[in-house]
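Containing mmCIF, C-alpha atoms and all ligand atoms: query-v3.cif.
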data_upload
loop_
_atom_site.label_atom_id
_atom_site.label_comp_id
_atom_site.auth_asym_id
_atom_site.auth_seq_id
_atom_site.Cartn_x
_atom_site.Cartn_y
_atom_site.Cartn_z
CA MET A 16 23.64 17.58 2.30
CA ASP A 17 24.21 14.90 -0.31
CA ARG A 18 21.22 15.58 -2.54
CA LEU A 19 20.11 12.69 -4.71
CA LYS A 20 18.25 12.64 -7.99
CA ILE A 21 15.79 9.77 -7.82
CA GLY A 22 13.54 8.39 -10.57
CA ILE A 23 10.43 6.69 -9.18
CA THR A 24 8.29 4.32 -11.22
CA CYS A 25 5.09 2.79 -9.84
CA TYR A 26 1.52 1.98 -10.78
CA PRO A 27 0.09 5.49 -10.48
CA SER A 28 -3.57 4.55 -10.14
CA LEU A 29 -5.35 3.59 -6.90
CA GLY A 30 -3.56 0.94 -4.81
CA GLY A 31 -1.26 0.58 -1.83
CA SER A 32 1.94 0.35 -3.84
CA GLY A 33 1.13 3.59 -5.68
CA VAL A 34 0.36 5.27 -2.35
CA VAL A 35 3.64 4.11 -0.78
CA ALA A 36 5.69 5.14 -3.84
CA THR A 37 4.06 8.56 -4.13
CA GLU A 38 4.12 9.42 -0.43
CA LEU A 39 7.77 8.31 -0.23
CA GLY A 40 8.62 10.51 -3.22
CA LYS A 41 6.91 13.50 -1.60
CA LEU A 42 8.77 12.95 1.69
CA LEU A 43 12.13 12.58 -0.07
CA ALA A 44 11.42 15.82 -1.93
CA GLU A 45 10.66 17.52 1.39
CA LYS A 46 14.04 16.33 2.64
CA GLY A 47 15.67 18.10 -0.28
CA HIS A 48 16.15 15.31 -2.82
CA GLU A 49 15.06 15.78 -6.42
CA VAL A 50 12.33 13.29 -7.29
CA HIS A 51 11.24 12.42 -10.83
CA PHE A 52 8.11 10.30 -11.23
CA ILE A 53 8.20 8.35 -14.51
CA THR A 54 4.76 6.81 -14.97
CA HIS A 55 1.95 6.50 -17.53
CA SER A 56 -0.26 8.98 -15.69
CA ILE A 57 0.13 11.35 -12.79
CA PRO A 58 0.17 9.43 -9.47
CA PHE A 59 -3.19 10.04 -7.80
CA ARG A 60 -1.73 11.15 -4.47
CA LEU A 61 0.80 13.55 -5.97
CA GLY A 62 -1.37 16.62 -5.44
CA THR A 63 -0.38 20.08 -6.49
CA PHE A 64 2.94 21.37 -7.84
CA GLN A 65 5.63 20.99 -5.21
CA LYS A 66 9.27 21.86 -4.80
CA ASN A 67 11.70 19.12 -5.97
CA ILE A 68 8.99 16.99 -7.60
CA PHE A 69 8.78 16.40 -11.34
CA TYR A 70 6.56 14.22 -13.46
CA HIS A 71 7.47 12.58 -16.77
CA GLU A 72 4.66 10.91 -18.67
CA VAL A 73 5.27 7.67 -20.54
CA GLU A 74 3.58 7.84 -23.93
CA VAL A 75 3.01 4.67 -25.87
CA ASN A 76 3.15 4.97 -29.66
CA ASP A 77 0.69 2.75 -31.40
CA TYR A 78 2.56 2.09 -34.70
CA TYR A 79 0.65 -0.10 -37.13
CA VAL A 80 3.37 -2.80 -37.07
CA PHE A 81 2.65 -3.48 -33.41
CA ARG A 82 -0.24 -5.75 -32.64
CA TYR A 83 -0.12 -4.52 -29.02
CA PRO A 84 1.33 -1.12 -28.09
CA PRO A 85 4.62 -1.92 -26.26
CA TYR A 86 4.16 -0.09 -22.94
CA ASP A 87 7.14 -1.71 -21.21
CA LEU A 88 9.56 -0.66 -23.95
CA ALA A 89 8.16 2.87 -23.94
CA LEU A 90 8.66 3.00 -20.18
CA ALA A 91 12.25 1.72 -20.35
CA THR A 92 13.04 4.27 -23.08
CA LYS A 93 11.50 7.09 -21.06
CA MET A 94 13.41 6.04 -17.94
CA ALA A 95 16.69 6.15 -19.86
CA GLN A 96 15.80 9.51 -21.43
CA VAL A 97 14.93 11.12 -18.09
CA ALA A 98 18.02 9.68 -16.43
CA LYS A 99 20.22 11.17 -19.15
CA MET A 100 18.39 14.51 -19.22
CA VAL A 101 18.49 15.24 -15.49
CA GLY A 102 21.39 13.00 -14.40
CA LEU A 103 19.52 10.58 -12.14
CA ASP A 104 21.54 8.75 -9.47
CA LEU A 105 19.10 5.89 -9.23
CA PHE A 106 15.78 4.39 -10.21
CA HIS A 107 13.48 3.29 -7.40
CA VAL A 108 10.89 1.01 -8.97
CA HIS A 109 7.85 -0.50 -7.32
CA TYR A 110 7.09 -4.05 -8.52
CA ALA A 111 9.54 -6.36 -10.22
CA VAL A 112 7.32 -6.85 -13.24
CA PRO A 113 7.45 -4.91 -15.39
CA HIS A 114 9.19 -2.06 -13.57
CA ALA A 115 12.44 -3.69 -12.38
CA VAL A 116 12.83 -5.29 -15.79
CA CYS A 117 12.29 -1.90 -17.47
CA ALA A 118 14.89 -0.37 -15.14
CA TYR A 119 17.33 -3.11 -16.12
CA LEU A 120 16.73 -2.32 -19.81
CA ALA A 121 17.13 1.42 -19.19
CA LYS A 122 20.40 0.75 -17.37
CA GLN A 123 21.67 -1.25 -20.35
CA MET A 124 20.70 1.61 -22.68
CA LEU A 125 22.47 4.16 -20.51
CA GLY A 126 25.60 2.08 -20.17
CA ASN A 127 26.49 4.00 -17.02
CA ASP A 128 26.53 3.34 -13.32
CA ILE A 129 22.94 4.25 -12.47
CA LYS A 130 21.60 2.12 -9.60
CA VAL A 131 18.29 0.29 -9.35
CA VAL A 132 16.32 -0.22 -6.13
CA THR A 133 13.26 -2.46 -6.42
CA THR A 134 10.47 -2.66 -3.85
CA LEU A 135 8.28 -5.77 -3.86
CA HIS A 136 4.68 -5.21 -2.80
CA GLY A 137 3.25 -8.67 -3.16
CA THR A 138 1.21 -9.32 -6.26
CA ASP A 139 4.32 -9.85 -8.41
CA ILE A 140 5.35 -12.66 -6.08
CA THR A 141 2.10 -14.09 -4.72
CA VAL A 142 0.22 -14.03 -8.05
CA LEU A 143 2.63 -13.60 -10.98
CA GLY A 144 5.33 -15.65 -9.25
CA GLN A 145 3.05 -18.69 -9.48
CA ASP A 146 3.09 -18.45 -13.29
CA GLU A 147 5.95 -20.65 -14.54
CA SER A 148 6.24 -18.63 -17.75
CA LEU A 149 6.97 -15.42 -15.83
CA LYS A 150 9.25 -16.77 -13.11
CA ASP A 151 12.53 -16.25 -14.99
CA LEU A 152 11.56 -12.69 -15.89
CA ILE A 153 10.67 -11.78 -12.29
CA ARG A 154 13.88 -13.42 -11.08
CA LEU A 155 15.87 -11.35 -13.59
CA GLY A 156 14.27 -8.11 -12.37
CA ILE A 157 15.04 -9.01 -8.76
CA ASN A 158 18.56 -10.36 -9.24
CA GLU A 159 19.70 -7.50 -11.50
CA SER A 160 18.58 -4.81 -9.01
CA ASP A 161 21.26 -3.23 -6.83
CA ALA A 162 18.97 -3.48 -3.82
CA VAL A 163 15.63 -5.16 -3.28
CA THR A 164 13.19 -4.35 -0.52
CA ALA A 165 9.94 -6.05 0.49
CA VAL A 166 7.10 -4.75 2.63
CA SER A 167 7.00 -7.62 5.16
CA GLN A 168 9.07 -10.52 6.48
CA ASP A 169 6.42 -12.80 5.09
CA LEU A 170 6.89 -11.38 1.59
CA ILE A 171 10.66 -11.86 1.88
CA LYS A 172 10.08 -15.49 2.88
CA GLU A 173 7.57 -16.00 0.07
CA THR A 174 9.90 -14.43 -2.53
CA ARG A 175 12.70 -16.80 -1.51
CA LYS A 176 10.37 -19.79 -1.60
CA VAL A 177 8.43 -19.08 -4.81
CA LEU A 178 11.33 -17.79 -6.90
CA ASP A 179 14.27 -19.48 -5.27
CA ILE A 180 15.91 -16.12 -4.60
CA THR A 181 18.98 -16.13 -2.34
CA ARG A 182 20.14 -12.51 -2.52
CA ASP A 183 19.69 -10.01 0.35
CA ILE A 184 16.28 -8.39 0.61
CA ASP A 185 15.76 -5.41 2.92
CA LEU A 186 12.61 -5.12 4.99
CA THR A 187 10.81 -1.79 4.46
CA TYR A 188 7.36 -1.79 6.02
CA ASN A 189 4.61 0.50 4.74
CA PHE A 190 4.37 3.78 6.67
CA VAL A 191 1.93 6.56 7.53
CA ASP A 192 2.33 10.30 7.71
CA LYS A 193 0.88 11.44 11.03
CA ARG A 194 0.20 14.90 9.59
CA VAL A 195 -2.47 13.21 7.45
CA TYR A 196 -3.47 10.10 9.40
CA TYR A 197 -4.77 10.95 12.86
CA PRO A 198 -8.21 10.58 14.46
CA ARG A 199 -10.40 13.19 12.78
CA ASP A 200 -13.39 14.78 14.44
CA VAL A 201 -16.24 13.41 12.34
CA THR A 202 -19.09 13.78 14.84
CA ASP A 203 -21.34 15.62 12.36
CA LEU A 204 -20.60 13.25 9.49
CA ARG A 205 -21.20 10.17 11.62
CA GLU A 206 -24.85 11.12 12.15
CA ASP A 207 -25.44 10.49 8.45
CA PHE A 208 -24.22 6.93 8.66
CA ALA A 209 -25.31 5.50 12.01
CA ALA A 210 -27.50 6.18 15.03
CA PRO A 211 -25.63 7.07 18.26
CA ASP A 212 -26.04 3.55 19.68
CA GLU A 213 -24.86 1.82 16.48
CA LYS A 214 -21.29 0.65 15.83
CA ILE A 215 -19.69 1.24 12.45
CA LEU A 216 -17.73 -1.57 10.81
CA MET A 217 -15.79 -0.70 7.67
CA HIS A 218 -14.00 -2.43 4.82
CA ILE A 219 -11.83 -0.61 2.28
CA SER A 220 -10.35 -2.34 -0.74
CA ASN A 221 -10.26 -2.75 -4.49
CA PHE A 222 -12.86 -5.55 -4.25
CA ARG A 223 -10.61 -8.15 -5.84
CA PRO A 224 -11.36 -11.82 -4.96
CA VAL A 225 -8.20 -11.88 -2.83
CA LYS A 226 -9.83 -9.43 -0.38
CA ARG A 227 -12.66 -11.89 0.46
CA VAL A 228 -15.26 -9.14 0.69
CA SER A 229 -17.91 -11.84 0.92
CA ASP A 230 -16.39 -12.76 4.32
CA VAL A 231 -16.77 -9.12 5.35
CA VAL A 232 -20.52 -9.40 4.76
CA ASP A 233 -20.71 -12.71 6.67
CA ILE A 234 -18.81 -11.24 9.63
CA PHE A 235 -21.05 -8.19 9.65
CA ALA A 236 -24.24 -10.28 9.46
CA LYS A 237 -23.14 -12.21 12.57
CA VAL A 238 -22.14 -9.05 14.46
CA ASN A 239 -25.40 -7.38 13.52
CA GLN A 240 -27.36 -10.17 15.19
CA GLU A 241 -25.62 -9.31 18.48
CA LEU A 242 -25.11 -5.54 18.31
CA PRO A 243 -26.82 -2.57 16.63
CA SER A 244 -24.37 -1.83 13.82
CA ARG A 245 -23.77 -0.62 10.28
CA LEU A 246 -21.32 -1.68 7.58
CA LEU A 247 -19.64 0.87 5.31
CA LEU A 248 -17.96 -0.50 2.19
CA VAL A 249 -15.39 1.75 0.57
CA GLY A 250 -13.82 1.17 -2.86
CA GLU A 251 -14.81 -0.51 -6.07
CA GLY A 252 -13.68 -3.50 -8.09
CA PRO A 253 -14.62 -6.74 -9.84
CA GLU A 254 -16.43 -8.36 -6.89
CA LEU A 255 -18.72 -5.41 -6.24
CA PRO A 256 -21.82 -6.69 -8.15
CA LYS A 257 -21.57 -10.07 -6.39
CA ILE A 258 -21.35 -8.36 -3.01
CA GLN A 259 -24.30 -6.11 -3.77
CA ALA A 260 -26.36 -9.20 -4.68
CA LYS A 261 -25.27 -11.03 -1.53
CA ILE A 262 -26.28 -8.11 0.68
CA CYS A 263 -29.75 -8.05 -0.92
CA GLU A 264 -30.14 -11.83 -0.58
CA MET A 265 -29.28 -11.57 3.11
CA GLY A 266 -31.74 -8.68 3.59
CA LEU A 267 -28.99 -6.36 4.84
CA GLU A 268 -29.59 -3.46 2.40
CA ASP A 269 -30.71 -1.08 5.15
CA LYS A 270 -27.60 -1.76 7.22
CA VAL A 271 -24.92 -1.49 4.54
CA ARG A 272 -23.76 1.60 2.62
CA PHE A 273 -21.46 1.68 -0.40
CA LEU A 274 -19.24 4.76 -0.38
CA GLY A 275 -17.44 4.07 -3.68
CA LYS A 276 -13.86 5.23 -4.19
CA GLN A 277 -12.74 7.85 -1.69
CA ASP A 278 -9.58 9.96 -1.57
CA GLU A 279 -9.90 11.42 1.93
CA ILE A 280 -9.21 8.08 3.58
CA ALA A 281 -8.27 9.48 7.01
CA GLN A 282 -11.60 11.29 7.22
CA VAL A 283 -13.52 8.20 6.09
CA ILE A 284 -11.70 5.75 8.39
CA SER A 285 -12.29 8.03 11.37
CA LEU A 286 -16.00 7.23 11.02
CA ALA A 287 -15.34 3.57 11.87
CA ASP A 288 -15.20 1.71 15.17
CA LEU A 289 -13.60 -1.29 13.52
CA LEU A 290 -11.95 -2.20 10.21
CA LEU A 291 -12.36 -5.66 8.66
CA LEU A 292 -9.53 -7.13 6.56
CA PRO A 293 -10.15 -10.87 6.07
CA SER A 294 -7.89 -11.19 2.96
CA GLU A 295 -6.75 -14.42 1.37
CA LYS A 296 -3.36 -12.82 0.65
CA GLU A 297 -2.02 -9.53 1.97
CA SER A 298 1.66 -8.75 1.91
CA PHE A 299 1.25 -5.94 4.46
CA GLY A 300 -2.20 -4.31 4.58
CA LEU A 301 -1.59 -0.56 4.29
CA VAL A 302 -5.26 0.20 4.93
CA ALA A 303 -5.05 -1.43 8.38
CA LEU A 304 -2.07 0.78 9.19
CA GLU A 305 -3.95 3.87 8.03
CA ALA A 306 -6.85 2.81 10.27
CA MET A 307 -4.45 2.17 13.18
CA ALA A 308 -3.06 5.70 12.84
CA CYS A 309 -6.63 7.02 13.09
CA GLY A 310 -7.13 4.97 16.29
CA VAL A 311 -9.25 2.28 14.60
CA PRO A 312 -8.41 -1.38 15.34
CA THR A 313 -8.63 -4.11 12.70
CA ILE A 314 -9.96 -7.63 12.74
CA GLY A 315 -8.14 -9.51 10.06
CA SER A 316 -7.01 -12.85 8.75
CA GLU A 317 -3.64 -14.37 9.54
CA ALA A 318 -2.65 -14.00 5.87
CA GLY A 319 0.79 -12.82 4.71
CA GLY A 320 2.19 -9.84 6.57
CA ILE A 321 -1.00 -8.93 8.48
CA PRO A 322 0.30 -10.53 11.74
CA GLU A 323 3.43 -8.34 11.52
CA LEU A 324 1.19 -5.28 11.66
CA ILE A 325 -1.74 -6.24 13.86
CA GLN A 326 -0.92 -7.51 17.34
CA HIS A 327 -3.57 -10.02 18.31
CA GLY A 328 -5.41 -8.84 21.43
CA LYS A 329 -3.71 -5.41 21.45
CA THR A 330 -4.33 -3.46 18.25
CA GLY A 331 -6.90 -5.86 16.79
CA PHE A 332 -7.65 -9.56 16.49
CA LEU A 333 -6.55 -12.22 14.01
CA ALA A 334 -8.18 -15.47 12.92
CA PRO A 335 -7.47 -18.08 10.23
CA ILE A 336 -8.45 -17.12 6.65
CA GLY A 337 -12.17 -17.77 6.18
CA ASP A 338 -13.00 -18.18 9.87
CA THR A 339 -15.77 -15.60 9.86
CA ALA A 340 -17.31 -17.00 13.05
CA ALA A 341 -14.13 -16.29 15.05
CA MET A 342 -13.73 -12.85 13.47
CA ALA A 343 -17.34 -11.97 14.33
CA LYS A 344 -16.85 -13.23 17.90
CA TYR A 345 -13.80 -10.99 18.32
CA ALA A 346 -15.68 -8.04 16.84
CA VAL A 347 -18.56 -8.45 19.30
CA LYS A 348 -16.15 -8.89 22.22
CA LEU A 349 -14.31 -5.67 21.38
CA LEU A 350 -17.30 -3.54 20.41
CA SER A 351 -19.25 -4.44 23.55
CA ASP A 352 -16.50 -3.43 25.94
CA SER A 353 -15.84 0.32 25.93
CA ARG A 354 -12.77 -0.01 28.17
CA MET A 355 -11.20 -2.52 25.83
CA GLU A 356 -12.06 -0.28 22.87
CA GLU A 357 -10.23 2.65 24.48
CA GLN A 358 -7.18 0.46 25.28
CA PHE A 359 -7.02 -0.78 21.69
CA ARG A 360 -7.41 2.75 20.37
CA GLN A 361 -4.46 4.00 22.44
CA ALA A 362 -2.34 0.99 21.47
CA CYS A 363 -3.14 1.63 17.79
CA LEU A 364 -2.06 5.27 18.01
CA GLU A 365 1.19 4.38 19.79
CA ARG A 366 2.14 1.52 17.49
CA SER A 367 1.49 3.42 14.26
CA CYS A 368 3.57 6.35 15.54
CA ASN A 369 6.46 4.34 16.93
CA ASP A 370 6.92 1.50 14.47
CA PHE A 371 5.53 2.68 11.16
CA SER A 372 6.20 6.40 11.10
CA ARG A 373 7.17 8.15 7.90
CA ASP A 374 10.52 9.25 9.42
CA VAL A 375 11.65 5.73 10.35
CA ILE A 376 10.78 4.20 6.99
CA THR A 377 11.92 7.14 4.83
CA ASN A 378 15.29 7.01 6.56
CA GLN A 379 15.52 3.29 5.84
CA TYR A 380 14.95 3.88 2.13
CA GLU A 381 17.44 6.75 2.13
CA ASP A 382 20.06 4.56 3.81
CA ILE A 383 19.54 1.93 1.11
CA TYR A 384 20.02 4.56 -1.62
CA TYR A 385 23.28 5.77 -0.07
CA ARG A 386 24.44 2.18 0.43
CA VAL A 387 23.98 1.19 -3.23
CA LEU A 388 25.62 4.44 -4.33
CA GLY A 389 28.54 3.79 -2.02
CA ARG A 390 27.90 7.03 -0.13
CA LYS A 391 27.63 7.26 3.62
CA VAL A 392 25.84 10.49 4.50
CA ARG A 393 22.09 10.65 4.83
CA GLY A 394 20.19 13.83 3.80
CA LEU A 395 20.32 16.29 6.68
CA ASP A 396 17.04 18.12 6.17
CA THR A 397 14.20 16.90 8.35
CA ILE A 398 10.54 16.68 7.50
CA GLN A 399 8.38 19.33 9.19
CA SER A 400 6.17 17.81 11.89
O1 LIG B 501 -4.06 -4.52 -1.98
C1 LIG B 501 -4.04 -4.45 -3.20
O2 LIG B 501 -4.66 -5.22 -3.90
C2 LIG B 501 -3.22 -3.37 -3.89
C3 LIG B 501 -1.76 -3.73 -3.83
C4 LIG B 501 -0.99 -2.80 -4.74
O3 LIG B 501 -0.36 -3.31 -5.64
O4 LIG B 501 -1.01 -1.59 -4.58
O5 LIG B 501 -1.30 -3.63 -2.48
C5 LIG B 501 -0.13 -4.33 -2.15
O6 LIG B 501 0.85 -3.38 -1.76
C6 LIG B 501 0.54 -2.63 -0.57
C7 LIG B 501 1.67 -1.62 -0.35
O7 LIG B 501 2.87 -2.25 -0.10
C8 LIG B 501 0.36 -3.58 0.61
O8 LIG B 501 0.04 -2.86 1.79
C9 LIG B 501 -0.77 -4.57 0.29
O9 LIG B 501 -0.88 -5.51 1.35
C10 LIG B 501 -0.46 -5.31 -1.00
N1 LIG B 501 -1.63 -6.11 -1.39
C11 LIG B 501 -1.62 -7.45 -1.38
O10 LIG B 501 -0.67 -8.11 -1.03
C12 LIG B 501 -2.89 -8.11 -1.81
#

Translate the structure described by the file into structure tokens.
Ligand code: GMT
Amino acid sequence: MDRLKIGITCYPSLGGSGVVATELGKLLAEKGHEVHFITHSIPFRLGTFQKNIFYHEVEVNDYYVFRYPPYDLALATKMAQVAKMVGLDLFHVHYAVPHAVCAYLAKQMLGNDIKVVTTLHGTDITVLGQDESLKDLIRLGINESDAVTAVSQDLIKETRKVLDITRDIDLTYNFVDKRVYYPRDVTDLREDFAAPDEKILMHISNFRPVKRVSDVVDIFAKVNQELPSRLLLVGEGPELPKIQAKICEMGLEDKVRFLGKQDEIAQVISLADLLLLPSEKESFGLVALEAMACGVPTIGSEAGGIPELIQHGKTGFLAPIGDTAAMAKYAVKLLSDSRMEEQFRQACLERSCNDFSRDVITNQYEDIYYRVLGRKVRGLDTIQS
């Protein structure tokens, strides 16, 4: 097998891009590649010591001449150091800014033929890309990469439009590992959260304004008028206090529970009958895929890449951003029809397995690595099922 040495850089704290980068690294290591994470702290999903996985911490020196400690330069220096020390074949960086730019700098320092693969996850394009002062920098990171991938067709389209990018961009959807994401038996746990006749609606996010958590509460309030139900909110972030206040104002305190940040997402999602994802922007929506793999359908907005994941009327329902009345109507329709619920559940399990499995997407990334390196053979080891 043609074993590669891959340096992965991502945001290691909570967030879909960190999850994708870390899970991909773990799967590549299982296939026999040597994976070196180069990040400012240990990626939260990395887990215990594993074969073929290494971690290199970026330390930022706070010299008195610097007004702000230069993290990006420290990262670029560390990337070059690790590449030289272990002989990396390529850097796979997640996010153009700052990571693709740091990889470009590291490549200049190395002066060798190391390759750079950049994966776009959204925020660098949909938020930072709107900032005129950053556009040239993001464009540099993208254009100087040897390959660029994006997590939905919509994000590819948006990248071209916002940044006037013409180069090839590969589509690499988010994926799930079916050894982790499958419907869990949570019968005992469920009793703590809802009565047997109550439906559980769930929202999981980082509570940023872009997630429109306030819409989640409005949808739930409407559903709750029609059906006995509970809302479980998972995650934390800047909008949390506002949401707490809204729930009190609406007199829904007894129906809503805050679960805070949770690591065992498959276990938590399995409690739900329905996931709500009414985002303003969402380049893919990993959480909806994780729910799908646990047999839980999603009602979401038509934002970004969500329609590429959720098939309206099959694995969930979609409505225009902000149309909480339509989303609530779909929720009631689905949750009051047990046959439809079962059909959706089966369709969710099939779609997550067939179209977004770890094997399909890991192979796509591997093919991209071999392509940029000018090698043809893909790693022969398979991942244990
Ligand atoms: O959803 C977030 O706010 C976190 C963000 C991140 O940077 O981790 O997630 C982005 O990347 C995920 C993995 O590719 C996607 O599934 C999310 O849709 C995307 N978030 C947004 O576009 C808002």

* **Protein and nucleic residues near ligand LIG 501 (chain B), 8 Å, all atoms listed in the file, as a VMD selection string** => chain A and resid 26 29 to 35 135 to 138 141 166 188 to 189 220 to 221 223 225 to 226 294 296 to 302 319 to 321

Keeping C-alpha atoms, export the residues of the selection given above as a PDB file, in the frame of the given file.
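Listing of result-v7.pdb after writing:
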ATOM      1  CA  TYR A  26       1.520   1.980 -10.780  1.00  0.00           C
ATOM      2  CA  LEU A  29      -5.350   3.590  -6.900  1.00  0.00           C
ATOM      3  CA  GLY A  30      -3.560   0.940  -4.810  1.00  0.00           C
ATOM      4  CA  GLY A  31      -1.260   0.580  -1.830  1.00  0.00           C
ATOM      5  CA  SER A  32       1.940   0.350  -3.840  1.00  0.00           C
ATOM      6  CA  GLY A  33       1.130   3.590  -5.680  1.00  0.00           C
ATOM      7  CA  VAL A  34       0.360   5.270  -2.350  1.00  0.00           C
ATOM      8  CA  VAL A  35       3.640   4.110  -0.780  1.00  0.00           C
ATOM      9  CA  LEU A 135       8.280  -5.770  -3.860  1.00  0.00           C
ATOM     10  CA  HIS A 136       4.680  -5.210  -2.800  1.00  0.00           C
ATOM     11  CA  GLY A 137       3.250  -8.670  -3.160  1.00  0.00           C
ATOM     12  CA  THR A 138       1.210  -9.320  -6.260  1.00  0.00           C
ATOM     13  CA  THR A 141       2.100 -14.090  -4.720  1.00  0.00           C
ATOM     14  CA  VAL A 166       7.100  -4.750   2.630  1.00  0.00           C
ATOM     15  CA  TYR A 188       7.360  -1.790   6.020  1.00  0.00           C
ATOM     16  CA  ASN A 189       4.610   0.500   4.740  1.00  0.00           C
ATOM     17  CA  SER A 220     -10.350  -2.340  -0.740  1.00  0.00           C
ATOM     18  CA  ASN A 221     -10.260  -2.750  -4.490  1.00  0.00           C
ATOM     19  CA  ARG A 223     -10.610  -8.150  -5.840  1.00  0.00           C
ATOM     20  CA  VAL A 225      -8.200 -11.880  -2.830  1.00  0.00           C
ATOM     21  CA  LYS A 226      -9.830  -9.430  -0.380  1.00  0.00           C
ATOM     22  CA  SER A 294      -7.890 -11.190   2.960  1.00  0.00           C
ATOM     23  CA  LYS A 296      -3.360 -12.820   0.650  1.00  0.00           C
ATOM     24  CA  GLU A 297      -2.020  -9.530   1.970  1.00  0.00           C
ATOM     25  CA  SER A 298       1.660  -8.750   1.910  1.00  0.00           C
ATOM     26  CA  PHE A 299       1.250  -5.940   4.460  1.00  0.00           C
ATOM     27  CA  GLY A 300      -2.200  -4.310   4.580  1.00  0.00           C
ATOM     28  CA  LEU A 301      -1.590  -0.560   4.290  1.00  0.00           C
ATOM     29  CA  VAL A 302      -5.260   0.200   4.930  1.00  0.00           C
ATOM     30  CA  GLY A 319       0.790 -12.820   4.710  1.00  0.00           C
ATOM     31  CA  GLY A 320       2.190  -9.840   6.570  1.00  0.00           C
ATOM     32  CA  ILE A 321      -1.000  -8.930   8.480  1.00  0.00           C
TER      33      ILE A 321
END

Which neighbours of Asp128 in chain A fall inside 12 Å, counting only C-alpha atoms, when residues of the same chain fewer than 4 positions from it are skipped, and could you give them as a short mmCIF file (atom, residue, chain, number, x, y, z; two decimals) with C-alpha atoms, in the coordinates of the input?
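Dumped everything to part-v4.cif:
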data_model
loop_
_atom_site.label_atom_id
_atom_site.label_comp_id
_atom_site.auth_asym_id
_atom_site.auth_seq_id
_atom_site.Cartn_x
_atom_site.Cartn_y
_atom_site.Cartn_z
CA ALA A 98 18.02 9.68 -16.43
CA LYS A 99 20.22 11.17 -19.15
CA GLY A 102 21.39 13.00 -14.40
CA LEU A 103 19.52 10.58 -12.14
CA ASP A 104 21.54 8.75 -9.47
CA LEU A 105 19.10 5.89 -9.23
CA PHE A 106 15.78 4.39 -10.21
CA TYR A 119 17.33 -3.11 -16.12
CA ALA A 121 17.13 1.42 -19.19
CA LYS A 122 20.40 0.75 -17.37
CA GLN A 123 21.67 -1.25 -20.35
CA MET A 124 20.70 1.61 -22.68
CA ASP A 161 21.26 -3.23 -6.83
CA VAL A 387 23.98 1.19 -3.23
CA LEU A 388 25.62 4.44 -4.33
CA GLY A 389 28.54 3.79 -2.02
#

* Asked: So, counting only C-alpha atoms, which residue among A:Ala306, A:Val231, A:Leu291, A:Cys25 is closest to Phe332 in chain A?
  -> A:Leu291

* Who sits within 8 Å of range 362-371 of chain A, all atoms listed in the file, same chain under 6 positions skipped, as JSON, numbers by chain -> {"A": [188, 189, 190, 191, 193, 304, 307, 308, 309, 310, 311, 312, 329, 330]}

Only C-alpha atoms, please: the residues just picked out, written as an mmCIF file, in the coordinates of the input.
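The result, stored in result_10.cif:
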data_model
loop_
_atom_site.group_PDB
_atom_site.id
_atom_site.type_symbol
_atom_site.label_atom_id
_atom_site.label_comp_id
_atom_site.auth_asym_id
_atom_site.auth_seq_id
_atom_site.Cartn_x
_atom_site.Cartn_y
_atom_site.Cartn_z
ATOM 1 C CA TYR A 188 7.360 -1.790 6.020
ATOM 2 C CA ASN A 189 4.610 0.500 4.740
ATOM 3 C CA PHE A 190 4.370 3.780 6.670
ATOM 4 C CA VAL A 191 1.930 6.560 7.530
ATOM 5 C CA LYS A 193 0.880 11.440 11.030
ATOM 6 C CA LEU A 304 -2.070 0.780 9.190
ATOM 7 C CA MET A 307 -4.450 2.170 13.180
ATOM 8 C CA ALA A 308 -3.060 5.700 12.840
ATOM 9 C CA CYS A 309 -6.630 7.020 13.090
ATOM 10 C CA GLY A 310 -7.130 4.970 16.290
ATOM 11 C CA VAL A 311 -9.250 2.280 14.600
ATOM 12 C CA PRO A 312 -8.410 -1.380 15.340
ATOM 13 C CA LYS A 329 -3.710 -5.410 21.450
ATOM 14 C CA THR A 330 -4.330 -3.460 18.250
#

Residue contacts of Val201 in chain A (8 Å, only C-alpha atoms) excluding same-chain residues fewer than 3 positions away, as a compact mmCIF listing (two decimals) with C-alpha atoms, in the frame of the given file:
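Wrote around.txt, looks like this:
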# COMPACT_ATOMS: atom_id res chain seq x y z
CA LEU A 204 -20.60 13.25 9.49
CA ARG A 205 -21.20 10.17 11.62
CA GLN A 282 -11.60 11.29 7.22
CA SER A 285 -12.29 8.03 11.37
CA LEU A 286 -16.00 7.23 11.02

* Quick one: pull the distance between CA of Gly266 in chain A and CA of Ala236 in chain A, Å, one decimal. => 9.7 Å

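The space separating CA of Leu349 in chain A from CA of Ser244 in chain A comes to 13.2 Å.
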
* **Who sits within 10 Å of Asp269 in chain A, only C-alpha atoms, same chain under 5 positions skipped, as an MDAnalysis selection string** => chainID A and resid 245:246 262:263

* **Long-range neighbours of range 61-69 of chain A as number ranges by chain, 10 Å cut-off, all atoms listed in the file, 5 positions minimum in chain** => A: 20-22, 27, 33-34, 36-38, 40-41, 43-53

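CA of Asn158 in chain A to CA of Glu323 in chain A spans 25.8 Å [interatomic distance, one decimal].
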
* Identify which of the residues A:Gln361, A:Gln96, A:Thr339, A:Ser353 lies closest to Phe235 in chain A, counting all atoms listed in the file when measuring atom-to-atom distances. => A:Thr339

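Between Gly252 in chain A and the candidates A:Ala209, A:Ile314, A:Ala341, A:Ile219, the tightest atom-to-atom separation, counting all atoms listed in the file, involves A:Ile219.
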
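For the set A:Val195, A:Val142, A:Val347, A:Ala111, the residue with the smallest atom-to-atom gap to Ala162 in chain A is A:Ala111, counting only C-alpha atoms.
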